[in-house]
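> Below: one structure in structure tokens.
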Amino acid sequence: MLPPLPSHFELNLPTWLGEFANVTALASLEERMRFVVRAARRNFEEDTGGPFAAGVFEEGSGRLVALGVNRVVPTNCSSAHAEVMALSLAQRRLATFDLGASGLPAHQLVVNWRPCAMCFGAIPWSGIRSLVIAGGGPEIEELTGFDEGPIHPNWSAELERRGIVVTDGILRDEAWQVFVDFAKSGRLVYNARKG
Ligand SMILES: [Zn+2]
């Protein structure tokens with residue numbers, strides 16, 4: 001028997017993430033990425049989700065607005081990717097669906113790898129003005145086995161065309177090491193259609 005139709009759903013962050021909450025502002029892109037990579041590593045080591053984290057920062061000041069980590073397995077929600085978590089939490093915090101609304105400072109999304117097909121789609125909807133990633137190649141799929149979906153061949157040019165500045169290659173080696181260690185750990189790669 002199925003339970004009754006749900007009327008709402010909820011996503012949450014792991015409790016250890018509270019330790020990351022007292023950061024105020026991170027001036028450089030390297031500092032912002034280091035912070036995100038540290039959260040990504042912690043997330044899989046704590047078994048609270050996959051090896052991905054994302055932060056929404058005020059682009060100019062580097063003030064942290066929201067931090068998300070991957071929560072697919074613990075929340076039984078395939079769309080609970082780090083980017084979706086961070087963008088949604090930032091929108092909740094600022095009480096707006098548009099992080100690029102007039103009167104707001106420019107917002108930046110910092111992620112420890114390039115967005116998957118779903119998160120690529122979420123970015124233009126979110127209102128962020130810039131995206132910073134550690135790396136952008138398909139080698140993550142070969143290493144980890146995650147299926148990132150049909151990535152648009154000109155995905156970064158498409159974002160730029162919409163006024164979203166893309167910066168690639170920030171702390172690539174540190175970010176890559178997290179995926180190497182995740183693959184070595186033998187933890188679950190949560191692709192769908194495995195039944
Ligand atoms: Zn994604």
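Labels for the structure tokens follow display order: chains A, B, ..., residues from 1 in each chain, ligands from 1.
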List all protein, DNA and RNA residues that have any atom at most 8 Å from ligand 1, counting only C-alpha atoms and all ligand atoms, and write the list as a ChimeraX atom specification.
/A:79,81-84,115-120,148
> Would you mind exporting N, CA and C atoms of the selected residues as an mmCIF file, in the first residue's frame?

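What landed in result-v7.cif:
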```
data_model
loop_
_atom_site.group_PDB
_atom_site.id
_atom_site.type_symbol
_atom_site.label_atom_id
_atom_site.label_comp_id
_atom_site.auth_asym_id
_atom_site.auth_seq_id
_atom_site.Cartn_x
_atom_site.Cartn_y
_atom_site.Cartn_z
ATOM 1 N N SER A 79 16.797 15.177 -6.828
ATOM 2 C CA SER A 79 17.169 16.532 -7.245
ATOM 3 C C SER A 79 17.893 17.311 -6.157
ATOM 4 N N HIS A 81 20.714 18.021 -5.324
ATOM 5 C CA HIS A 81 22.126 18.270 -5.638
ATOM 6 C C HIS A 81 22.590 19.512 -4.890
ATOM 7 N N ALA A 82 23.903 19.616 -4.698
ATOM 8 C CA ALA A 82 24.460 20.713 -3.905
ATOM 9 C C ALA A 82 24.045 22.077 -4.450
ATOM 10 N N GLU A 83 24.058 22.212 -5.785
ATOM 11 C CA GLU A 83 23.716 23.505 -6.384
ATOM 12 C C GLU A 83 22.267 23.879 -6.097
ATOM 13 N N VAL A 84 21.365 22.913 -6.246
ATOM 14 C CA VAL A 84 19.946 23.177 -6.003
ATOM 15 C C VAL A 84 19.732 23.512 -4.525
ATOM 16 N N PRO A 115 28.401 21.928 -13.387
ATOM 17 C CA PRO A 115 27.041 21.464 -13.107
ATOM 18 C C PRO A 115 26.633 20.300 -14.003
ATOM 19 N N CYS A 116 25.810 19.404 -13.464
ATOM 20 C CA CYS A 116 25.194 18.346 -14.265
ATOM 21 C C CYS A 116 24.117 18.979 -15.142
ATOM 22 N N ALA A 117 23.459 18.158 -15.952
ATOM 23 C CA ALA A 117 22.441 18.683 -16.861
ATOM 24 C C ALA A 117 21.325 19.388 -16.085
ATOM 25 N N MET A 118 20.902 18.818 -14.969
ATOM 26 C CA MET A 118 19.818 19.432 -14.190
ATOM 27 C C MET A 118 20.257 20.757 -13.586
ATOM 28 N N CYS A 119 21.429 20.786 -12.970
ATOM 29 C CA CYS A 119 21.879 22.001 -12.297
ATOM 30 C C CYS A 119 22.224 23.091 -13.304
ATOM 31 N N PHE A 120 22.692 22.698 -14.478
ATOM 32 C CA PHE A 120 22.902 23.669 -15.552
ATOM 33 C C PHE A 120 21.594 24.401 -15.838
ATOM 34 N N GLU A 148 26.140 12.353 -15.406
ATOM 35 C CA GLU A 148 25.812 13.767 -15.265
ATOM 36 C C GLU A 148 24.736 14.220 -16.239
#
```
> Report as JSON lines: every residue of stretch 64-112 of chain A with an atom at most 12 Å from stretch 127-147 of chain A, its closest pair of atoms, and their distance in Å to one decimal, counting only C-alpha atoms, with rows sorted by chain and ascending residue number.

```
{"residue": "A:Val65", "atom": "CA", "partner": "A:Ile128", "partner_atom": "CA", "distance": 11.9}
{"residue": "A:Glu83", "atom": "CA", "partner": "A:Leu131", "partner_atom": "CA", "distance": 10.6}
{"residue": "A:Ala86", "atom": "CA", "partner": "A:Ile128", "partner_atom": "CA", "distance": 11.4}
{"residue": "A:Leu87", "atom": "CA", "partner": "A:Ile128", "partner_atom": "CA", "distance": 8.6}
{"residue": "A:Ser88", "atom": "CA", "partner": "A:Gly127", "partner_atom": "CA", "distance": 11.3}
{"residue": "A:Ala90", "atom": "CA", "partner": "A:Ile128", "partner_atom": "CA", "distance": 10.4}
{"residue": "A:Gln91", "atom": "CA", "partner": "A:Gly127", "partner_atom": "CA", "distance": 9.7}
{"residue": "A:Thr96", "atom": "CA", "partner": "A:Gly127", "partner_atom": "CA", "distance": 9.9}
{"residue": "A:Phe97", "atom": "CA", "partner": "A:Gly127", "partner_atom": "CA", "distance": 8.0}
{"residue": "A:Asp98", "atom": "CA", "partner": "A:Gly127", "partner_atom": "CA", "distance": 4.9}
{"residue": "A:Leu99", "atom": "CA", "partner": "A:Gly127", "partner_atom": "CA", "distance": 4.5}
{"residue": "A:Gly100", "atom": "CA", "partner": "A:Gly127", "partner_atom": "CA", "distance": 4.2}
{"residue": "A:Ala101", "atom": "CA", "partner": "A:Gly127", "partner_atom": "CA", "distance": 7.2}
{"residue": "A:Ser102", "atom": "CA", "partner": "A:Gly127", "partner_atom": "CA", "distance": 10.5}
{"residue": "A:Leu104", "atom": "CA", "partner": "A:Gly127", "partner_atom": "CA", "distance": 10.4}
{"residue": "A:Pro105", "atom": "CA", "partner": "A:Arg129", "partner_atom": "CA", "distance": 9.6}
{"residue": "A:Ala106", "atom": "CA", "partner": "A:Arg129", "partner_atom": "CA", "distance": 5.9}
{"residue": "A:His107", "atom": "CA", "partner": "A:Ile128", "partner_atom": "CA", "distance": 5.0}
{"residue": "A:Gln108", "atom": "CA", "partner": "A:Ser130", "partner_atom": "CA", "distance": 4.8}
{"residue": "A:Leu109", "atom": "CA", "partner": "A:Leu131", "partner_atom": "CA", "distance": 4.9}
{"residue": "A:Val110", "atom": "CA", "partner": "A:Val132", "partner_atom": "CA", "distance": 4.7}
{"residue": "A:Val111", "atom": "CA", "partner": "A:Ile133", "partner_atom": "CA", "distance": 5.1}
{"residue": "A:Asn112", "atom": "CA", "partner": "A:Ala134", "partner_atom": "CA", "distance": 5.2}
```
> Can you tell me how far atom CA of A:Asn70 sits from atom CA of A:Leu13, in Å to one decimal?
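One can read the atom CA of A:Asn70 to atom CA of A:Leu13 distance as 8.7 Å.
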> For atom CA of A:Pro3 and atom CA of A:Ser78, quote the distance in Å rounded to one decimal.
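Answer for the atom CA of A:Pro3 to atom CA of A:Ser78 separation: 19.4 Å.
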> Counting only C-alpha atoms, which of A:Arg187, A:Leu64, A:Ser7, A:Val165 gets nearest to A:Arg93?
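Checking each of A:Arg187, A:Leu64, A:Ser7, A:Val165 against A:Arg93, counting only C-alpha atoms, the winner is A:Leu64.
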> Out of stretch 5-193 of chain A, which residues get helix (DSSP H, G or I) from DSSP, as a PyMOL selection string?
chain A and resi 15-20+29-45+72-75+82-94+117-126+139-144+155-161+172-185
